[in-house]
$ cat run-v6.pdb   # PDB, C-alpha atoms
ATOM      1  CA  CYS A   1       1.345  10.561 -12.642
ATOM      2  CA  LEU A   2       4.747  11.799 -11.428
ATOM      3  CA  ASP A   3       6.454   9.718 -14.090
ATOM      4  CA  SER A   4       4.411  11.408 -16.846
ATOM      5  CA  ALA A   5       4.923  14.873 -15.336
ATOM      6  CA  PHE A   6       8.712  14.426 -15.384
ATOM      7  CA  SER A   7       8.567  13.370 -19.023
ATOM      8  CA  ASN A   8       6.167  16.157 -20.128
ATOM      9  CA  SER A   9       8.319  18.500 -22.234
ATOM     10  CA  SER A  10       5.733  21.303 -22.103
ATOM     11  CA  ILE A  11       6.272  21.765 -18.344
ATOM     12  CA  GLU A  12       9.027  24.295 -17.684
ATOM     13  CA  VAL A  13      11.075  24.018 -14.516
ATOM     14  CA  PRO A  14      13.763  26.717 -14.221
ATOM     15  CA  MET A  15      16.709  26.224 -11.906
ATOM     16  CA  ARG A  16      15.680  26.885  -8.340
ATOM     17  CA  HIS A  17      16.819  30.109  -6.743
ATOM     18  CA  HIS A  18      19.119  29.362  -3.823
ATOM     19  CA  HIS A  19      19.926  32.228  -1.492
ATOM     20  CA  ASP A  20      21.950  31.768   1.675
ATOM     21  CA  TYR A  21      21.420  34.626   4.090
ATOM     22  CA  PRO A  22      23.021  35.519   7.410
ATOM     23  CA  ASN A  23      21.217  34.445  10.552
ATOM     24  CA  PRO A  24      23.204  36.333  13.238
ATOM     25  CA  PRO A  25      21.328  34.949  16.277
ATOM     26  CA  GLU A  26      22.413  31.454  15.170
ATOM     27  CA  LYS A  27      25.938  32.426  14.099
ATOM     28  CA  ASP A  28      25.174  30.493  10.943
ATOM     29  CA  GLU A  29      23.412  30.936   7.627
ATOM     30  CA  SER A  30      19.876  30.036   6.725
ATOM     31  CA  THR A  31      18.630  29.444   3.203
ATOM     32  CA  LEU A  32      15.770  30.715   1.047
ATOM     33  CA  LEU A  33      14.745  28.497  -1.867
ATOM     34  CA  LEU A  34      12.355  29.602  -4.621
ATOM     35  CA  MET A  35      11.204  26.857  -6.977
ATOM     36  CA  PRO A  36       8.939  27.866  -9.863
ATOM     37  CA  ALA A  37       7.410  25.601 -12.510
ATOM     38  CA  TRP A  38       4.635  26.055 -15.061
ATOM     39  CA  GLU A  39       2.793  24.567 -17.956
ATOM     40  CA  PRO A  40       2.046  27.470 -20.323
ATOM     41  CA  GLY A  41      -1.616  28.473 -20.336
ATOM     42  CA  LYS A  42      -2.485  25.953 -17.611
ATOM     43  CA  ASP A  43      -0.802  25.997 -14.203
ATOM     44  CA  LEU A  44       2.000  27.889 -12.511
ATOM     45  CA  GLY A  45       3.387  26.959  -9.124
ATOM     46  CA  VAL A  46       6.034  28.361  -6.814
ATOM     47  CA  LYS A  47       7.370  26.669  -3.732
ATOM     48  CA  MET A  48       9.061  29.016  -1.257
ATOM     49  CA  VAL A  49      11.083  27.376   1.472
ATOM     50  CA  THR A  50      13.395  28.451   4.249
ATOM     51  CA  VAL A  51      15.964  26.132   5.764
ATOM     52  CA  SER A  52      17.130  27.013   9.272
ATOM     53  CA  PRO A  53      19.399  24.149  10.355
ATOM     54  CA  ASN A  54      19.369  25.022  14.069
ATOM     55  CA  ASN A  55      15.571  25.030  14.445
ATOM     56  CA  GLY A  56      15.683  21.738  16.340
ATOM     57  CA  ALA A  57      16.913  23.729  19.346
ATOM     58  CA  TYR A  58      13.554  25.580  19.260
ATOM     59  CA  HIS A  59      11.485  22.421  18.672
ATOM     60  CA  LEU A  60      10.702  23.650  15.152
ATOM     61  CA  PRO A  61      11.227  21.920  11.814
ATOM     62  CA  SER A  62      14.376  22.979   9.950
ATOM     63  CA  ILE A  63      12.381  23.366   6.753
ATOM     64  CA  GLN A  64       9.427  25.768   6.573
ATOM     65  CA  GLY A  65       7.549  26.846   3.480
ATOM     66  CA  ILE A  66       4.494  27.388   1.343
ATOM     67  CA  TYR A  67       3.430  26.409  -2.154
ATOM     68  CA  LEU A  68       1.345  28.749  -4.282
ATOM     69  CA  LEU A  69      -0.560  27.385  -7.276
ATOM     70  CA  PHE A  70      -1.768  29.878  -9.880
ATOM     71  CA  ASP A  71      -3.836  29.698 -13.036
ATOM     72  CA  ALA A  72      -1.166  30.332 -15.684
ATOM     73  CA  HIS A  73      -3.778  31.761 -18.068
ATOM     74  CA  LYS A  74      -5.503  34.382 -15.903
ATOM     75  CA  GLY A  75      -3.034  34.623 -13.040
ATOM     76  CA  ASN A  76      -5.434  34.002 -10.177
ATOM     77  CA  CYS A  77      -4.292  32.022  -7.153
ATOM     78  CA  ARG A  78      -5.912  28.581  -6.996
ATOM     79  CA  ALA A  79      -4.339  27.182  -3.858
ATOM     80  CA  LEU A  80      -1.992  27.851  -0.965
ATOM     81  CA  LEU A  81      -0.510  24.650   0.440
ATOM     82  CA  ASP A  82       1.848  23.723   3.238
ATOM     83  CA  ALA A  83       5.137  23.090   1.470
ATOM     84  CA  LYS A  84       6.447  20.760   4.159
ATOM     85  CA  SER A  85       3.714  18.176   3.572
ATOM     86  CA  LEU A  86       3.869  18.599  -0.184
ATOM     87  CA  THR A  87       7.668  18.331  -0.190
ATOM     88  CA  ALA A  88       7.643  15.189   1.926
ATOM     89  CA  ILE A  89       5.169  13.466  -0.396
ATOM     90  CA  ARG A  90       6.917  14.635  -3.576
ATOM     91  CA  THR A  91      10.405  13.775  -2.302
ATOM     92  CA  ALA A  92       9.372  10.282  -1.254
ATOM     93  CA  ALA A  93       7.524   9.680  -4.521
ATOM     94  CA  THR A  94      10.462  10.951  -6.588
ATOM     95  CA  SER A  95      12.913   8.790  -4.663
ATOM     96  CA  ALA A  96      10.740   5.720  -5.185
ATOM     97  CA  LEU A  97      10.344   6.558  -8.880
ATOM     98  CA  ALA A  98      14.140   6.758  -9.238
ATOM     99  CA  SER A  99      14.471   3.448  -7.391
ATOM    100  CA  LYS A 100      11.959   1.888  -9.787
ATOM    101  CA  TYR A 101      14.405   2.622 -12.612
ATOM    102  CA  LEU A 102      17.734   2.257 -10.798
ATOM    103  CA  SER A 103      17.417  -0.524  -8.218
ATOM    104  CA  ARG A 104      17.161  -4.233  -8.876
ATOM    105  CA  GLU A 105      13.573  -5.448  -9.202
ATOM    106  CA  ASN A 106      14.192  -8.077  -6.518
ATOM    107  CA  SER A 107      15.615  -5.601  -3.974
ATOM    108  CA  GLU A 108      14.351  -6.733  -0.582
ATOM    109  CA  SER A 109      16.239  -4.558   1.899
ATOM    110  CA  LEU A 110      16.497  -0.825   2.461
ATOM    111  CA  LEU A 111      18.810   1.282   4.597
ATOM    112  CA  MET A 112      17.208   4.533   5.726
ATOM    113  CA  VAL A 113      19.841   7.081   6.759
ATOM    114  CA  GLY A 114      18.122   9.798   8.758
ATOM    115  CA  THR A 115      15.246   9.901  11.212
ATOM    116  CA  GLY A 116      13.444  13.112  10.300
ATOM    117  CA  ALA A 117       9.926  13.637   9.015
ATOM    118  CA  LEU A 118      10.822  12.271   5.576
ATOM    119  CA  SER A 119      12.142   8.900   6.671
ATOM    120  CA  PRO A 120       8.811   7.058   7.236
ATOM    121  CA  MET A 121       7.482   8.374   3.929
ATOM    122  CA  LEU A 122      10.652   7.349   2.067
ATOM    123  CA  ILE A 123      10.540   3.879   3.576
ATOM    124  CA  LYS A 124       6.881   3.387   2.588
ATOM    125  CA  ALA A 125       7.468   4.820  -0.891
ATOM    126  CA  HIS A 126      10.377   2.467  -1.622
ATOM    127  CA  ALA A 127       8.337  -0.452  -0.291
ATOM    128  CA  SER A 128       5.595   0.476  -2.767
ATOM    129  CA  VAL A 129       7.890  -0.078  -5.783
ATOM    130  CA  ARG A 130      10.108  -2.917  -4.522
ATOM    131  CA  PRO A 131       9.399  -6.089  -2.487
ATOM    132  CA  ILE A 132      11.029  -4.704   0.673
ATOM    133  CA  LYS A 133      11.119  -7.297   3.454
ATOM    134  CA  ARG A 134      13.663  -5.688   5.784
ATOM    135  CA  VAL A 135      14.383  -2.045   6.622
ATOM    136  CA  TYR A 136      17.475  -0.855   8.477
ATOM    137  CA  ILE A 137      17.360   2.575  10.104
ATOM    138  CA  TRP A 138      20.349   4.633  11.150
ATOM    139  CA  GLY A 139      20.236   8.062  12.743
ATOM    140  CA  ARG A 140      22.455  10.171  14.974
ATOM    141  CA  SER A 141      19.876   9.561  17.698
ATOM    142  CA  VAL A 142      19.104   5.925  18.485
ATOM    143  CA  GLU A 143      15.939   7.119  20.257
ATOM    144  CA  LYS A 144      14.672   8.765  17.063
ATOM    145  CA  ALA A 145      15.516   5.657  15.039
ATOM    146  CA  GLU A 146      13.607   3.523  17.551
ATOM    147  CA  ALA A 147      10.657   5.948  17.317
ATOM    148  CA  ILE A 148      10.550   5.515  13.516
ATOM    149  CA  LYS A 149      10.695   1.745  14.016
ATOM    150  CA  SER A 150       7.762   1.909  16.447
ATOM    151  CA  ARG A 151       5.800   4.192  14.138
ATOM    152  CA  LEU A 152       6.126   1.658  11.302
ATOM    153  CA  ASN A 153       5.561  -1.495  13.349
ATOM    154  CA  ASN A 154       2.346  -2.352  11.449
ATOM    155  CA  GLU A 155       4.017  -2.321   8.037
ATOM    156  CA  PRO A 156       4.597  -5.614   6.190
ATOM    157  CA  PHE A 157       8.383  -5.548   6.622
ATOM    158  CA  GLU A 158      10.784  -6.086   9.497
ATOM    159  CA  ILE A 159      12.660  -3.084  10.873
ATOM    160  CA  GLU A 160      16.017  -3.034  12.594
ATOM    161  CA  VAL A 161      17.886  -0.065  14.032
ATOM    162  CA  VAL A 162      21.582  -0.297  13.124
ATOM    163  CA  ALA A 163      24.419   1.164  15.164
ATOM    164  CA  THR A 164      26.472   2.372  12.189
ATOM    165  CA  ILE A 165      25.863   3.368   8.592
ATOM    166  CA  ALA A 166      28.525   0.840   7.519
ATOM    167  CA  GLU A 167      26.570  -1.967   9.180
ATOM    168  CA  GLY A 168      23.430  -0.982   7.269
ATOM    169  CA  ILE A 169      25.251  -0.604   3.952
ATOM    170  CA  LYS A 170      26.524  -4.186   4.190
ATOM    171  CA  LYS A 171      22.954  -5.465   4.496
ATOM    172  CA  ALA A 172      20.989  -3.165   2.165
ATOM    173  CA  ASP A 173      20.007  -3.513  -1.476
ATOM    174  CA  ILE A 174      18.804   0.122  -1.573
ATOM    175  CA  ILE A 175      20.113   3.101   0.417
ATOM    176  CA  SER A 176      17.960   6.173   1.012
ATOM    177  CA  CYS A 177      19.469   9.187   2.719
ATOM    178  CA  ALA A 178      17.516  12.151   4.079
ATOM    179  CA  THR A 179      19.368  14.310   6.565
ATOM    180  CA  LEU A 180      20.519  17.885   7.055
ATOM    181  CA  SER A 181      23.513  16.603   9.007
ATOM    182  CA  LYS A 182      26.803  18.144   7.981
TER
END
$ encode --input "run-v6.pdb" --output "structure tokens"
Amino acid sequence: CLDSAFSNSSIEVPMRHHHDYPNPPEKDESTLLLMPAWEPGKDLGVKMVTVSPNNGAYHLPSIQGIYLLFDAHKGNCRALLDAKSLTAIRTAATSALASKYLSRENSESLLMVGTGALSPMLIKAHASVRPIKRVYIWGRSVEKAEAIKSRLNNEPFEIEVVATIAEGIKKADIISCATLSK
């Protein structure tokens, strides 16, 4: 389904709007992203997302957002969805779709760089398109990497937390990276 959507020339996807804005309490910038897409006469969607990199200090996700789906013919709103969930699913599916075309068919190992909400979904998505037997996880926090390992302990592949990215790169056929780390 995603493969056919990406190849459908009637779907228009303008460049996303990217607006950095001051966030004085954080002494840093946050970001507003607006991502429209439509198929004329059928559907029109807009994903609106904010990225506040320091939200971890408040026990909040860095990325917050909503997705609005409209009828492109009459303009009425059909759905309001949580953009975080939608983004996680779409990002993982898109990454796996790219891997389907770019990685070797016999790729059996994956390095996951990052331990956020996307990492388990990315790991499962890549394992759905390649015969992944071993997953290596690296994150700035070993505890978070171990938590991802525990969360995926019922999956049909072995998982190992690696101490360095370089160690994982040496062992991996595929590398997936999902982090806001600077």
$ residues_around --input "run-v6.pdb" --residues "A:Val51" --least-positions-apart "6" --cutoff "6 Å" --atoms "only C-alpha atoms" --output "PyMOL selection string"
chain A and resi 30-31+62-63
$ closest_residue --input "run-v6.pdb" --among "A:Leu33, A:Ala178, A:Ala125, A:Ala79" --to "A:Ser99" --atoms "only C-alpha atoms"
A:Ala125
$ atom_distance --input "run-v6.pdb" --atom1 "atom CA of A:Leu81" --atom2 "atom CA of A:Ile66"
5.8 Å
$ closest_atom_pairs --input "run-v6.pdb" --of "stretch 28-121 of chain A" --to "stretch 131-148 of chain A" --cutoff "6 Å" --atoms "only C-alpha atoms" --output "JSON lines"
{"residue": "A:Glu108", "atom": "CA", "partner": "A:Ile132", "partner_atom": "CA", "distance": 4.1}
{"residue": "A:Ser109", "atom": "CA", "partner": "A:Arg134", "partner_atom": "CA", "distance": 4.8}
{"residue": "A:Leu110", "atom": "CA", "partner": "A:Val135", "partner_atom": "CA", "distance": 4.8}
{"residue": "A:Leu111", "atom": "CA", "partner": "A:Tyr136", "partner_atom": "CA", "distance": 4.6}
{"residue": "A:Met112", "atom": "CA", "partner": "A:Ile137", "partner_atom": "CA", "distance": 4.8}
{"residue": "A:Val113", "atom": "CA", "partner": "A:Trp138", "partner_atom": "CA", "distance": 5.1}
{"residue": "A:Gly114", "atom": "CA", "partner": "A:Gly139", "partner_atom": "CA", "distance": 4.8}
{"residue": "A:Thr115", "atom": "CA", "partner": "A:Gly139", "partner_atom": "CA", "distance": 5.5}
$ write_last_selection --input "run-v6.pdb" --atoms "C-alpha atoms" --output "JSON list (two decimals), keeping the file's coordinate frame"
[["chain", "number", "residue", "atom", "x", "y", "z"],
["A", 108, "GLU", "CA", 14.35, -6.73, -0.58],
["A", 109, "SER", "CA", 16.24, -4.56, 1.90],
["A", 110, "LEU", "CA", 16.50, -0.82, 2.46],
["A", 111, "LEU", "CA", 18.81, 1.28, 4.60],
["A", 112, "MET", "CA", 17.21, 4.53, 5.73],
["A", 113, "VAL", "CA", 19.84, 7.08, 6.76],
["A", 114, "GLY", "CA", 18.12, 9.80, 8.76],
["A", 115, "THR", "CA", 15.25, 9.90, 11.21]]
$ residues_around --input "run-v6.pdb" --residues "A:Ala93" --least-positions-apart "6" --cutoff "12 Å" --atoms "only C-alpha atoms" --output "mmCIF file with C-alpha atoms, keeping the file's coordinate frame"
data_model
loop_
_atom_site.group_PDB
_atom_site.id
_atom_site.type_symbol
_atom_site.label_atom_id
_atom_site.label_comp_id
_atom_site.auth_asym_id
_atom_site.auth_seq_id
_atom_site.Cartn_x
_atom_site.Cartn_y
_atom_site.Cartn_z
ATOM 1 C CA CYS A 1 1.345 10.561 -12.642
ATOM 2 C CA LEU A 2 4.747 11.799 -11.428
ATOM 3 C CA ASP A 3 6.454 9.718 -14.090
ATOM 4 C CA PHE A 6 8.712 14.426 -15.384
ATOM 5 C CA LEU A 86 3.869 18.599 -0.184
ATOM 6 C CA THR A 87 7.668 18.331 -0.190
ATOM 7 C CA SER A 99 14.471 3.448 -7.391
ATOM 8 C CA LYS A 100 11.959 1.888 -9.787
ATOM 9 C CA LEU A 118 10.822 12.271 5.576
ATOM 10 C CA MET A 121 7.482 8.374 3.929
ATOM 11 C CA LEU A 122 10.652 7.349 2.067
ATOM 12 C CA ILE A 123 10.540 3.879 3.576
ATOM 13 C CA LYS A 124 6.881 3.387 2.588
ATOM 14 C CA ALA A 125 7.468 4.820 -0.891
ATOM 15 C CA HIS A 126 10.377 2.467 -1.622
ATOM 16 C CA ALA A 127 8.337 -0.452 -0.291
ATOM 17 C CA SER A 128 5.595 0.476 -2.767
ATOM 18 C CA VAL A 129 7.890 -0.078 -5.783
#
$ closest_residue --input "run-v6.pdb" --among "A:Pro120, A:Ile175, A:Pro36, A:Tyr21" --to "A:Arg151" --atoms "all atoms listed in the file"
A:Pro120
$ closest_residue --input "run-v6.pdb" --among "A:Pro24, A:His19, A:Ala117, A:Gly75" --to "A:Ala92" --atoms "only C-alpha atoms"
A:Ala117
$ atom_distance --input "run-v6.pdb" --atom1 "atom CA of A:Val49" --atom2 "atom CA of A:Asp28"
17.3 Å
$ closest_residue --input "run-v6.pdb" --among "A:Ser150, A:Ser119, A:Asn106, A:Thr91" --to "A:Asp173" --atoms "only C-alpha atoms"
A:Asn106
$ resolve_selection --input "run-v6.pdb" --expression "the PyMOL selection byres ((chain A and resi 67) around 6)" --output "ChimeraX atom specification"
/A:46-47,66,68,80-81,83
$ closest_residue --input "run-v6.pdb" --among "A:Lys149, A:Lys42, A:Lys74, A:Lys170" --to "A:Ser10" --atoms "all atoms listed in the file"
A:Lys42
$ atom_distance --input "run-v6.pdb" --atom1 "atom CA of A:Leu32" --atom2 "atom CA of A:Pro53"
12.0 Å
$ resolve_selection --input "run-v6.pdb" --expression "the PyMOL selection byres ((chain A and resi 11) around 12)" --output "number ranges by chain"
A: 4-10, 12-14, 36-45, 72
